>>> print(open('entry.json').read())   # JSON, C-alpha atoms
[["chain", "number", "residue", "atom", "x", "y", "z"],
["H", 1, "MET", "CA", -23.74, -11.82, -44.90],
["H", 2, "SER", "CA", -20.63, -11.39, -42.85],
["H", 3, "GLU", "CA", -18.98, -14.34, -41.28],
["H", 4, "SER", "CA", -18.21, -13.93, -37.63],
["H", 5, "LYS", "CA", -15.06, -15.36, -36.17],
["H", 6, "THR", "CA", -14.32, -15.81, -32.55],
["H", 7, "THR", "CA", -10.70, -15.78, -31.54],
["H", 8, "THR", "CA", -9.76, -16.89, -28.09],
["H", 9, "ALA", "CA", -6.51, -15.83, -26.47],
["H", 10, "PRO", "CA", -4.46, -18.82, -25.37],
["H", 11, "LYS", "CA", -4.92, -19.62, -21.72],
["H", 12, "PRO", "CA", -1.87, -18.66, -19.63],
["H", 13, "THR", "CA", 0.27, -21.51, -18.40],
["H", 14, "THR", "CA", 0.43, -21.39, -14.63],
["H", 15, "VAL", "CA", 3.15, -22.58, -12.26],
["H", 16, "GLU", "CA", 2.71, -22.33, -8.51],
["H", 17, "VAL", "CA", 5.31, -22.57, -5.75],
["H", 18, "ARG", "CA", 4.96, -22.24, -1.99],
["H", 19, "VAL", "CA", 8.04, -21.41, 0.05],
["H", 20, "PRO", "CA", 8.44, -21.24, 3.83],
["H", 21, "SER", "CA", 8.78, -17.85, 5.49],
["H", 22, "ARG", "CA", 12.48, -18.29, 6.02],
["H", 23, "MET", "CA", 15.18, -16.09, 4.53],
["H", 24, "GLY", "CA", 16.96, -17.81, 1.70],
["H", 25, "PHE", "CA", 13.89, -19.59, 0.33],
["H", 26, "GLU", "CA", 13.25, -16.62, -1.94],
["H", 27, "LYS", "CA", 15.90, -18.24, -4.12],
["H", 28, "VAL", "CA", 13.55, -21.16, -4.82],
["H", 29, "ALA", "CA", 10.92, -18.79, -6.20],
["H", 30, "MET", "CA", 13.62, -16.86, -8.04],
["H", 31, "SER", "CA", 14.96, -19.99, -9.76],
["H", 32, "THR", "CA", 11.46, -21.14, -10.69],
["H", 33, "ALA", "CA", 10.62, -17.75, -12.20],
["H", 34, "ALA", "CA", 13.90, -17.82, -14.14],
["H", 35, "SER", "CA", 13.12, -21.29, -15.51],
["H", 36, "VAL", "CA", 9.66, -20.22, -16.68],
["H", 37, "ALA", "CA", 11.02, -17.03, -18.25],
["H", 38, "LYS", "CA", 13.72, -19.00, -20.07],
["H", 39, "LEU", "CA", 11.10, -21.38, -21.47],
["H", 40, "MET", "CA", 9.14, -18.33, -22.67],
["H", 41, "GLY", "CA", 12.17, -17.00, -24.54],
["H", 42, "PHE", "CA", 13.13, -13.99, -22.41],
["H", 43, "ARG", "CA", 16.61, -12.59, -22.96],
["H", 44, "ASP", "CA", 19.19, -13.37, -20.27],
["H", 45, "ASP", "CA", 19.37, -9.76, -19.03],
["H", 46, "ARG", "CA", 15.59, -9.62, -18.56],
["H", 47, "ILE", "CA", 15.69, -12.93, -16.70],
["H", 48, "GLU", "CA", 18.25, -11.39, -14.33],
["H", 49, "ASP", "CA", 15.93, -8.40, -13.80],
["H", 50, "LEU", "CA", 13.04, -10.77, -13.07],
["H", 51, "LYS", "CA", 15.12, -12.85, -10.64],
["H", 52, "THR", "CA", 16.01, -9.80, -8.55],
["H", 53, "ALA", "CA", 12.42, -8.48, -8.58],
["H", 54, "VAL", "CA", 10.94, -11.85, -7.56],
["H", 55, "ALA", "CA", 13.56, -12.35, -4.86],
["H", 56, "GLU", "CA", 12.89, -8.89, -3.39],
["H", 57, "ALA", "CA", 9.11, -9.42, -3.49],
["H", 58, "CYS", "CA", 9.52, -12.74, -1.66],
["H", 59, "ILE", "CA", 11.87, -11.20, 0.92],
["H", 60, "ASN", "CA", 9.27, -8.50, 1.63],
["H", 61, "ALA", "CA", 6.56, -11.18, 1.95],
["H", 62, "ILE", "CA", 8.70, -13.30, 4.29],
["H", 63, "GLU", "CA", 9.98, -10.42, 6.43],
["H", 64, "HIS", "CA", 7.17, -7.87, 6.49],
["H", 65, "GLY", "CA", 4.08, -9.83, 5.38],
["H", 66, "ASN", "CA", 4.56, -13.05, 7.31],
["H", 67, "ARG", "CA", 6.96, -11.54, 9.85],
["H", 68, "LEU", "CA", 9.33, -14.51, 9.56],
["H", 69, "ASN", "CA", 6.65, -16.83, 10.96],
["H", 70, "GLU", "CA", 7.71, -20.20, 9.60],
["H", 71, "LYS", "CA", 4.21, -21.59, 10.13],
["H", 72, "LEU", "CA", 3.15, -19.35, 7.26],
["H", 73, "SER", "CA", 4.22, -19.77, 3.67],
["H", 74, "VAL", "CA", 4.63, -17.41, 0.74],
["H", 75, "GLY", "CA", 2.72, -18.32, -2.41],
["H", 76, "VAL", "CA", 4.16, -17.54, -5.81],
["H", 77, "VAL", "CA", 1.99, -17.92, -8.91],
["H", 78, "LEU", "CA", 3.63, -17.51, -12.31],
["H", 79, "SER", "CA", 1.27, -17.05, -15.25],
["H", 80, "ALA", "CA", 2.98, -17.29, -18.61],
["H", 81, "GLY", "CA", 0.96, -15.53, -21.31],
["H", 82, "ALA", "CA", 1.73, -15.08, -24.98],
["H", 83, "ASP", "CA", 3.78, -11.93, -24.51],
["H", 84, "ALA", "CA", 4.23, -11.44, -20.78],
["H", 85, "LEU", "CA", 4.90, -13.21, -17.54],
["H", 86, "GLU", "CA", 2.82, -12.25, -14.51],
["H", 87, "VAL", "CA", 4.07, -13.12, -11.05],
["H", 88, "LYS", "CA", 1.94, -12.87, -7.92],
["H", 89, "VAL", "CA", 3.70, -13.13, -4.57],
["H", 90, "MET", "CA", 1.20, -13.66, -1.75],
["H", 91, "ASP", "CA", 1.56, -13.51, 2.01],
["H", 92, "ASP", "CA", -0.65, -13.41, 5.09],
["H", 93, "GLY", "CA", 0.12, -9.83, 6.06],
["H", 94, "ARG", "CA", -2.06, -6.74, 5.96],
["H", 95, "GLY", "CA", -0.28, -5.35, 2.94],
["H", 96, "MET", "CA", 0.10, -1.69, 2.16],
["H", 97, "ASN", "CA", -2.81, 0.70, 2.10],
["H", 98, "ARG", "CA", -1.31, 2.67, -0.77],
["H", 99, "GLN", "CA", 1.01, 2.10, -3.70],
["H", 100, "PRO", "CA", 4.64, 3.05, -3.01],
["H", 101, "ASP", "CA", 5.84, 6.23, -4.66],
["H", 102, "LYS", "CA", 6.71, 5.52, -8.26],
["H", 103, "LEU", "CA", 10.42, 4.88, -8.46],
["H", 104, "ASN", "CA", 11.19, 6.14, -5.01],
["H", 105, "LYS", "CA", 14.88, 6.14, -5.79],
["H", 106, "PRO", "CA", 17.28, 5.64, -2.90],
["H", 107, "ASP", "CA", 19.38, 8.70, -2.14],
["H", 108, "ILE", "CA", 22.94, 7.42, -1.81],
["H", 109, "ASP", "CA", 24.18, 10.77, -0.47],
["H", 110, "ARG", "CA", 21.61, 10.70, 2.36],
["H", 111, "LYS", "CA", 22.49, 7.08, 3.09],
["H", 112, "MET", "CA", 26.20, 7.93, 3.23],
["H", 113, "ARG", "CA", 25.46, 10.77, 5.66],
["H", 114, "GLY", "CA", 23.34, 8.48, 7.84],
["H", 115, "GLU", "CA", 20.17, 10.47, 7.11],
["H", 116, "GLU", "CA", 18.48, 7.54, 5.36],
["H", 117, "ASP", "CA", 18.52, 3.85, 6.31],
["H", 118, "ALA", "CA", 21.13, 1.92, 4.33],
["H", 119, "ARG", "CA", 18.40, -0.68, 3.73],
["H", 120, "GLY", "CA", 15.00, -0.11, 2.14],
["H", 121, "MET", "CA", 15.85, -0.55, -1.55],
["H", 122, "GLY", "CA", 13.76, -3.63, -2.31],
["H", 123, "MET", "CA", 10.63, -1.88, -3.54],
["H", 124, "PHE", "CA", 12.66, 0.51, -5.66],
["H", 125, "LEU", "CA", 14.44, -2.40, -7.32],
["H", 126, "ILE", "CA", 11.15, -4.20, -7.98],
["H", 127, "GLN", "CA", 9.61, -1.13, -9.60],
["H", 128, "ALA", "CA", 12.72, -0.35, -11.62],
["H", 129, "LEU", "CA", 13.30, -3.87, -12.96],
["H", 130, "VAL", "CA", 9.85, -5.00, -14.13],
["H", 131, "ASP", "CA", 7.28, -3.38, -16.42],
["H", 132, "GLU", "CA", 4.44, -3.31, -13.88],
["H", 133, "ALA", "CA", 4.37, -3.64, -10.10],
["H", 134, "GLU", "CA", 1.19, -3.40, -8.06],
["H", 135, "TRP", "CA", 0.71, -3.95, -4.33],
["H", 136, "VAL", "CA", -2.73, -5.22, -3.35],
["H", 137, "ALA", "CA", -4.03, -5.52, 0.21],
["H", 138, "GLY", "CA", -6.81, -8.00, 0.90],
["H", 139, "THR", "CA", -9.99, -6.81, 2.58],
["H", 140, "ASP", "CA", -9.69, -9.30, 5.44],
["H", 141, "GLY", "CA", -6.51, -7.75, 6.86],
["H", 142, "ASN", "CA", -4.49, -10.94, 6.65],
["H", 143, "SER", "CA", -3.76, -11.44, 3.00],
["H", 144, "SER", "CA", -1.97, -9.36, 0.43],
["H", 145, "TYR", "CA", 0.01, -9.77, -2.72],
["H", 146, "VAL", "CA", 2.31, -7.98, -5.07],
["H", 147, "ARG", "CA", 1.71, -8.47, -8.78],
["H", 148, "LEU", "CA", 4.61, -8.11, -11.17],
["H", 149, "VAL", "CA", 4.49, -8.14, -14.96],
["H", 150, "ILE", "CA", 7.47, -8.45, -17.24],
["H", 151, "ARG", "CA", 6.87, -8.23, -20.98],
["H", 152, "LEU", "CA", 8.56, -10.44, -23.49],
["H", 153, "ASP", "CA", 9.20, -7.69, -26.02],
["H", 154, "LYS", "CA", 10.73, -5.19, -23.58],
["H", 155, "ASP", "CA", 13.51, -3.33, -25.44],
["H", 156, "ALA", "CA", 13.46, -5.96, -28.16],
["H", 157, "GLU", "CA", 16.18, -5.37, -30.69],
["E", 1, "MET", "CA", 19.23, -22.15, 2.17],
["E", 2, "GLN", "CA", 21.55, -19.15, 1.87],
["E", 3, "ASN", "CA", 24.87, -19.98, 0.31],
["E", 4, "GLU", "CA", 27.09, -18.87, 3.18],
["E", 5, "THR", "CA", 29.38, -15.92, 2.48],
["E", 6, "LYS", "CA", 33.07, -16.61, 2.78],
["E", 7, "THR", "CA", 35.62, -13.82, 2.71],
["E", 8, "ARG", "CA", 39.34, -14.05, 2.12],
["E", 9, "VAL", "CA", 41.64, -11.08, 2.61],
["E", 10, "GLU", "CA", 44.69, -10.54, 0.44],
["E", 11, "GLN", "CA", 47.22, -7.73, 0.25],
["E", 12, "LEU", "CA", 48.14, -6.47, -3.22],
["E", 13, "THR", "CA", 49.80, -3.37, -4.60],
["E", 14, "SER", "CA", 48.09, -0.84, -6.84],
["E", 15, "ALA", "CA", 49.61, 0.23, -10.15],
["E", 16, "ALA", "CA", 50.74, 3.39, -8.38],
["E", 17, "GLY", "CA", 52.58, 1.32, -5.78],
["E", 18, "HIS", "CA", 50.17, 1.69, -2.86],
["E", 19, "PRO", "CA", 49.11, -1.24, -0.65],
["E", 20, "VAL", "CA", 45.56, -2.49, -1.32],
["E", 21, "ALA", "CA", 43.52, -4.75, 0.96],
["E", 22, "VAL", "CA", 41.43, -7.07, -1.20],
["E", 23, "LEU", "CA", 38.29, -8.65, 0.27],
["E", 24, "ARG", "CA", 37.39, -11.66, -1.87],
["E", 25, "PHE", "CA", 33.77, -12.64, -1.32],
["E", 26, "GLU", "CA", 32.32, -16.03, -2.20],
["E", 27, "GLY", "CA", 28.70, -17.22, -1.94],
["E", 28, "ASP", "CA", 25.59, -15.11, -1.42],
["E", 29, "ILE", "CA", 25.61, -11.57, -0.03],
["E", 30, "ALA", "CA", 22.43, -11.16, 1.98],
["E", 31, "SER", "CA", 21.26, -10.19, 5.46],
["E", 32, "THR", "CA", 23.21, -13.11, 6.96],
["E", 33, "SER", "CA", 26.50, -11.82, 5.53],
["E", 34, "LYS", "CA", 27.14, -9.07, 8.10],
["E", 35, "ASP", "CA", 30.16, -10.73, 9.71],
["E", 36, "ALA", "CA", 31.61, -11.78, 6.36],
["E", 37, "VAL", "CA", 31.29, -8.30, 4.87],
["E", 38, "LEU", "CA", 31.43, -5.74, 7.68],
["E", 39, "GLY", "CA", 33.23, -7.95, 10.22],
["E", 40, "THR", "CA", 36.04, -8.73, 7.79],
["E", 41, "TYR", "CA", 36.30, -5.11, 6.71],
["E", 42, "GLN", "CA", 36.42, -3.89, 10.32],
["E", 43, "ALA", "CA", 39.26, -6.31, 11.09],
["E", 44, "LEU", "CA", 41.52, -4.72, 8.48],
["E", 45, "PRO", "CA", 44.54, -2.85, 9.89],
["E", 46, "LYS", "CA", 43.67, 0.76, 10.76],
["E", 47, "GLU", "CA", 46.35, 2.11, 8.43],
["E", 48, "THR", "CA", 44.59, 0.61, 5.38],
["E", 49, "LYS", "CA", 43.87, 3.34, 2.84],
["E", 50, "LEU", "CA", 42.78, 1.38, -0.24],
["E", 51, "VAL", "CA", 40.14, -1.37, -0.15],
["E", 52, "LEU", "CA", 39.16, -3.52, -3.13],
["E", 53, "LEU", "CA", 36.04, -5.71, -3.09],
["E", 54, "ASP", "CA", 36.12, -8.83, -5.28],
["E", 55, "PHE", "CA", 32.65, -10.06, -6.30],
["E", 56, "THR", "CA", 33.88, -12.53, -8.94],
["E", 57, "LYS", "CA", 32.58, -15.56, -7.01],
["E", 58, "VAL", "CA", 29.30, -14.00, -5.84],
["E", 59, "ASP", "CA", 26.17, -15.23, -7.62],
["E", 60, "TYR", "CA", 23.41, -13.65, -5.56],
["E", 61, "ILE", "CA", 23.18, -10.24, -3.90],
["E", 62, "ASN", "CA", 19.90, -8.96, -2.51],
["E", 63, "SER", "CA", 18.92, -5.53, -1.18],
["E", 64, "SER", "CA", 20.09, -6.44, 2.33],
["E", 65, "GLY", "CA", 23.45, -7.40, 0.88],
["E", 66, "ILE", "CA", 23.66, -4.11, -1.00],
["E", 67, "ALA", "CA", 22.87, -2.33, 2.27],
["E", 68, "LEU", "CA", 25.88, -4.07, 3.87],
["E", 69, "VAL", "CA", 28.09, -2.81, 1.06],
["E", 70, "ILE", "CA", 26.74, 0.71, 1.64],
["E", 71, "GLN", "CA", 27.45, 0.39, 5.37],
["E", 72, "LEU", "CA", 31.01, -0.62, 4.50],
["E", 73, "LEU", "CA", 31.30, 2.45, 2.25],
["E", 74, "ILE", "CA", 30.02, 4.70, 5.06],
["E", 75, "GLU", "CA", 32.65, 3.35, 7.47],
["E", 76, "ALA", "CA", 35.36, 3.61, 4.82],
["E", 77, "SER", "CA", 34.38, 7.19, 4.06],
["E", 78, "ASN", "CA", 34.56, 8.06, 7.75],
["E", 79, "CYS", "CA", 38.09, 6.59, 7.88],
["E", 80, "GLY", "CA", 39.24, 8.39, 4.72],
["E", 81, "GLN", "CA", 39.64, 5.14, 2.79],
["E", 82, "LYS", "CA", 39.07, 4.67, -0.93],
["E", 83, "VAL", "CA", 36.98, 1.66, -1.97],
["E", 84, "CYS", "CA", 36.70, 0.07, -5.41],
["E", 85, "ALA", "CA", 35.03, -3.14, -6.57],
["E", 86, "PHE", "CA", 35.38, -5.56, -9.45],
["E", 87, "GLY", "CA", 33.93, -8.82, -10.72],
["E", 88, "LEU", "CA", 30.25, -7.90, -10.55],
["E", 89, "SER", "CA", 28.05, -9.44, -13.24],
["E", 90, "ALA", "CA", 26.52, -7.07, -15.79],
["E", 91, "HIS", "CA", 23.21, -7.30, -13.90],
["E", 92, "PHE", "CA", 24.65, -6.43, -10.51],
["E", 93, "THR", "CA", 26.77, -3.66, -12.04],
["E", 94, "LYS", "CA", 23.47, -2.24, -13.28],
["E", 95, "VAL", "CA", 21.80, -2.68, -9.88],
["E", 96, "PHE", "CA", 24.73, -1.09, -8.00],
["E", 97, "THR", "CA", 24.60, 1.80, -10.48],
["E", 98, "MET", "CA", 20.82, 2.19, -10.03],
["E", 99, "VAL", "CA", 21.26, 2.73, -6.29],
["E", 100, "GLY", "CA", 24.14, 5.17, -6.75],
["E", 101, "ILE", "CA", 27.08, 3.15, -5.45],
["E", 102, "PRO", "CA", 29.57, 4.24, -8.19],
["E", 103, "LYS", "CA", 29.53, 7.73, -6.70],
["E", 104, "TYR", "CA", 31.36, 6.30, -3.67],
["E", 105, "ALA", "CA", 33.09, 3.19, -5.04],
["E", 106, "GLY", "CA", 34.62, 2.77, -8.47],
["E", 107, "LEU", "CA", 33.29, -0.31, -10.26],
["E", 108, "PHE", "CA", 35.69, -2.19, -12.54],
["E", 109, "SER", "CA", 35.40, -5.31, -14.65],
["E", 110, "THR", "CA", 38.68, -6.89, -13.62],
["E", 111, "GLN", "CA", 41.18, -6.81, -10.80],
["E", 112, "ALA", "CA", 43.87, -5.42, -13.13],
["E", 113, "GLU", "CA", 41.64, -2.51, -14.16],
["E", 114, "ALA", "CA", 40.77, -1.81, -10.54],
["E", 115, "LEU", "CA", 44.40, -1.83, -9.41],
["E", 116, "ALA", "CA", 45.29, 0.50, -12.27],
["E", 117, "GLY", "CA", 42.55, 2.89, -11.12],
["E", 118, "MET", "CA", 43.53, 2.99, -7.44]]
>>> encode(input="entry.json", output="structure tokens")
Amino acid sequence: MSESKTTTAPKPTTVEVRVPSRMGFEKVAMSTAASVAKLMGFRDDRIEDLKTAVAEACINAIEHGNRLNEKLSVGVVLSAGADALEVKVMDDGRGMNRQPDKLNKPDIDRKMRGEEDARGMGMFLIQALVDEAEWVAGTDGNSSYVRLVIRLDKDAE
Amino acid sequence: MQNETKTRVEQLTSAAGHPVAVLRFEGDIASTSKDAVLGTYQALPKETKLVLLDFTKVDYINSSGIALVIQLLIEASNCGQKVCAFGLSAHFTKVFTMVGIPKYAGLFSTQAEALAGM
């Protein structure tokens, strides 16, 4: 007779932050994410990657999702698992109806010639700096989130 | 909430003996930094040919801040000026490289290395 064993994955530890839709408050979410990542044992360079990705996701939520409406807040949920940190950044906007092109790299030559806006690098940086990035639009038209995942063993030496 | 950008301008001389205008930034570089970055750059004397950006005291740069640096590079290119930068952290050196900035502005670790390369 075989003995059956049930193993349960440890429940992720969750930290939640809400920041006002005002430029600059992305740094609160960024610092919180960095603190959680440090507790999880991420290397310093990966924490820097995470900080930039979280800051850019919050800036998009503040500027495009909530349109700088300070009556609305941006929710940030950090779920620390055994080998990865998931970050959801939520706003009250419609979101995007499709995923951005994978690594839609800015073209510095076109920018220098004025053929491409000097701005518009946030989504590229998010995609380039974390292991997974997914944009999800709610069905009600006034809620959306971006989900980021950064893995603990990324490029482990 | 943003750590206001402060900019100080200094005149130095490159290793080759040419005058260099150094813009020393301090604080955050974000969307609110337009006057501190572009305004200060635009106030440089018209005869300026070499511009050096000092990021040593900058802790936070977001994509809007990077866009301001690119706008500065566009204006400098139109005026025939050479721009270099130093003092970026390893992370922001990586980010600047990811968006292609080194093609139009040399990135150096230290002021001495930058002045030697200008």
>>> atom_distance(input="entry.json", atom1="atom CA of H:Lys88", atom2="atom CA of E:Val99")
24.9 Å
>>> interface_residues(input="entry.json", of="chain E", to="chain H", cutoff="7 Å", atoms="all atoms listed in the file", output="PyMOL selection string")
chain E and resi 1-2+63-64+67+70-71+74+91+99-101
>>> closest_residue(input="entry.json", among="E:Cys84, E:Ile61, E:Ala90, E:Leu68", to="E:Leu23", atoms="all atoms listed in the file")
E:Cys84
>>> closest_residue(input="entry.json", among="E:Gly17, E:Gly39, E:Pro45, E:Gly80", to="E:Thr5", atoms="all atoms listed in the file")
E:Gly39
>>> residues_around(input="entry.json", residues="E:Asn62", least_positions_apart="3", cutoff="7 Å", atoms="only C-alpha atoms", output="PyMOL selection string")
chain E and resi 29-30+65-66
>>> closest_residue(input="entry.json", among="E:Asn3, E:Ser14, E:Ser33, E:Ser89", to="E:Phe108", atoms="only C-alpha atoms")
E:Ser89
>>> closest_residue(input="entry.json", among="E:Cys79, E:Val22, E:Leu72, E:Thr32", to="E:Lys46", atoms="all atoms listed in the file")
E:Cys79
>>> residues_around(input="entry.json", residues="stretch 146-148 of chain H", least_positions_apart="4", cutoff="7 Å", atoms="only C-alpha atoms", output="list of chain:residue names")
H:Glu86, H:Val87, H:Lys88, H:Val89, H:Met90, H:Val130, H:Glu132, H:Ala133, H:Glu134, H:Trp135, H:Val136
>>> atom_distance(input="entry.json", atom1="atom CA of E:Ala85", atom2="atom CA of E:Gln111")
8.3 Å
>>> atom_distance(input="entry.json", atom1="atom CA of H:Met40", atom2="atom CA of H:Thr8")
19.7 Å
>>> closest_residue(input="entry.json", among="E:His18, E:Lys103, E:Lys94, E:Lys6", to="E:Asp54", atoms="only C-alpha atoms")
E:Lys6
>>> closest_residue(input="entry.json", among="E:Thr40, E:Thr56, E:Thr48, E:Thr93", to="E:Gly27", atoms="only C-alpha atoms")
E:Thr56
>>> residues_near_point(input="entry.json", point="(29.9, -11.1, -3.9)", cutoff="6 Å", atoms="all atoms listed in the file", output="number ranges by chain")
E: 25-26, 29, 55, 58
>>> decode(input="entry.json", residues="stretch 71-88 of chain E", atoms="N, CA and C atoms", output="short mmCIF file (atom, residue, chain, number, x, y, z; two decimals), in the first residue's frame")
data_model
loop_
_atom_site.label_atom_id
_atom_site.label_comp_id
_atom_site.auth_asym_id
_atom_site.auth_seq_id
_atom_site.Cartn_x
_atom_site.Cartn_y
_atom_site.Cartn_z
N GLN E 71 15.95 65.11 -24.71
CA GLN E 71 15.64 66.42 -25.31
C GLN E 71 16.87 67.33 -25.27
N LEU E 72 17.62 67.25 -24.17
CA LEU E 72 18.87 68.03 -24.08
C LEU E 72 19.84 67.59 -25.17
N LEU E 73 19.94 66.27 -25.38
CA LEU E 73 20.85 65.76 -26.41
C LEU E 73 20.43 66.21 -27.80
N ILE E 74 19.12 66.26 -28.04
CA ILE E 74 18.62 66.72 -29.35
C ILE E 74 19.05 68.17 -29.58
N GLU E 75 18.83 69.02 -28.56
CA GLU E 75 19.20 70.43 -28.70
C GLU E 75 20.71 70.59 -28.87
N ALA E 76 21.46 69.79 -28.10
CA ALA E 76 22.92 69.88 -28.20
C ALA E 76 23.39 69.45 -29.59
N SER E 77 22.78 68.41 -30.11
CA SER E 77 23.14 67.92 -31.44
C SER E 77 22.86 68.99 -32.49
N ASN E 78 21.73 69.67 -32.34
CA ASN E 78 21.36 70.72 -33.29
C ASN E 78 22.33 71.91 -33.23
N CYS E 79 22.98 72.09 -32.06
CA CYS E 79 23.93 73.20 -31.90
C CYS E 79 25.36 72.75 -32.14
N GLY E 80 25.57 71.49 -32.51
CA GLY E 80 26.92 70.99 -32.75
C GLY E 80 27.74 70.81 -31.48
N GLN E 81 27.06 70.61 -30.36
CA GLN E 81 27.79 70.43 -29.09
C GLN E 81 28.00 68.95 -28.80
N LYS E 82 29.06 68.66 -28.06
CA LYS E 82 29.32 67.30 -27.62
C LYS E 82 28.90 67.19 -26.15
N VAL E 83 28.17 66.12 -25.82
CA VAL E 83 27.70 65.93 -24.45
C VAL E 83 28.24 64.61 -23.91
N CYS E 84 28.75 64.64 -22.69
CA CYS E 84 29.13 63.42 -21.97
C CYS E 84 28.49 63.47 -20.59
N ALA E 85 28.48 62.33 -19.92
CA ALA E 85 27.89 62.26 -18.58
C ALA E 85 28.74 61.37 -17.70
N PHE E 86 28.68 61.62 -16.40
CA PHE E 86 29.38 60.73 -15.46
C PHE E 86 28.59 60.68 -14.15
N GLY E 87 28.96 59.70 -13.32
CA GLY E 87 28.38 59.62 -11.99
C GLY E 87 27.07 58.85 -11.91
N LEU E 88 26.66 58.24 -13.01
CA LEU E 88 25.44 57.41 -12.94
C LEU E 88 25.73 56.14 -12.15
#
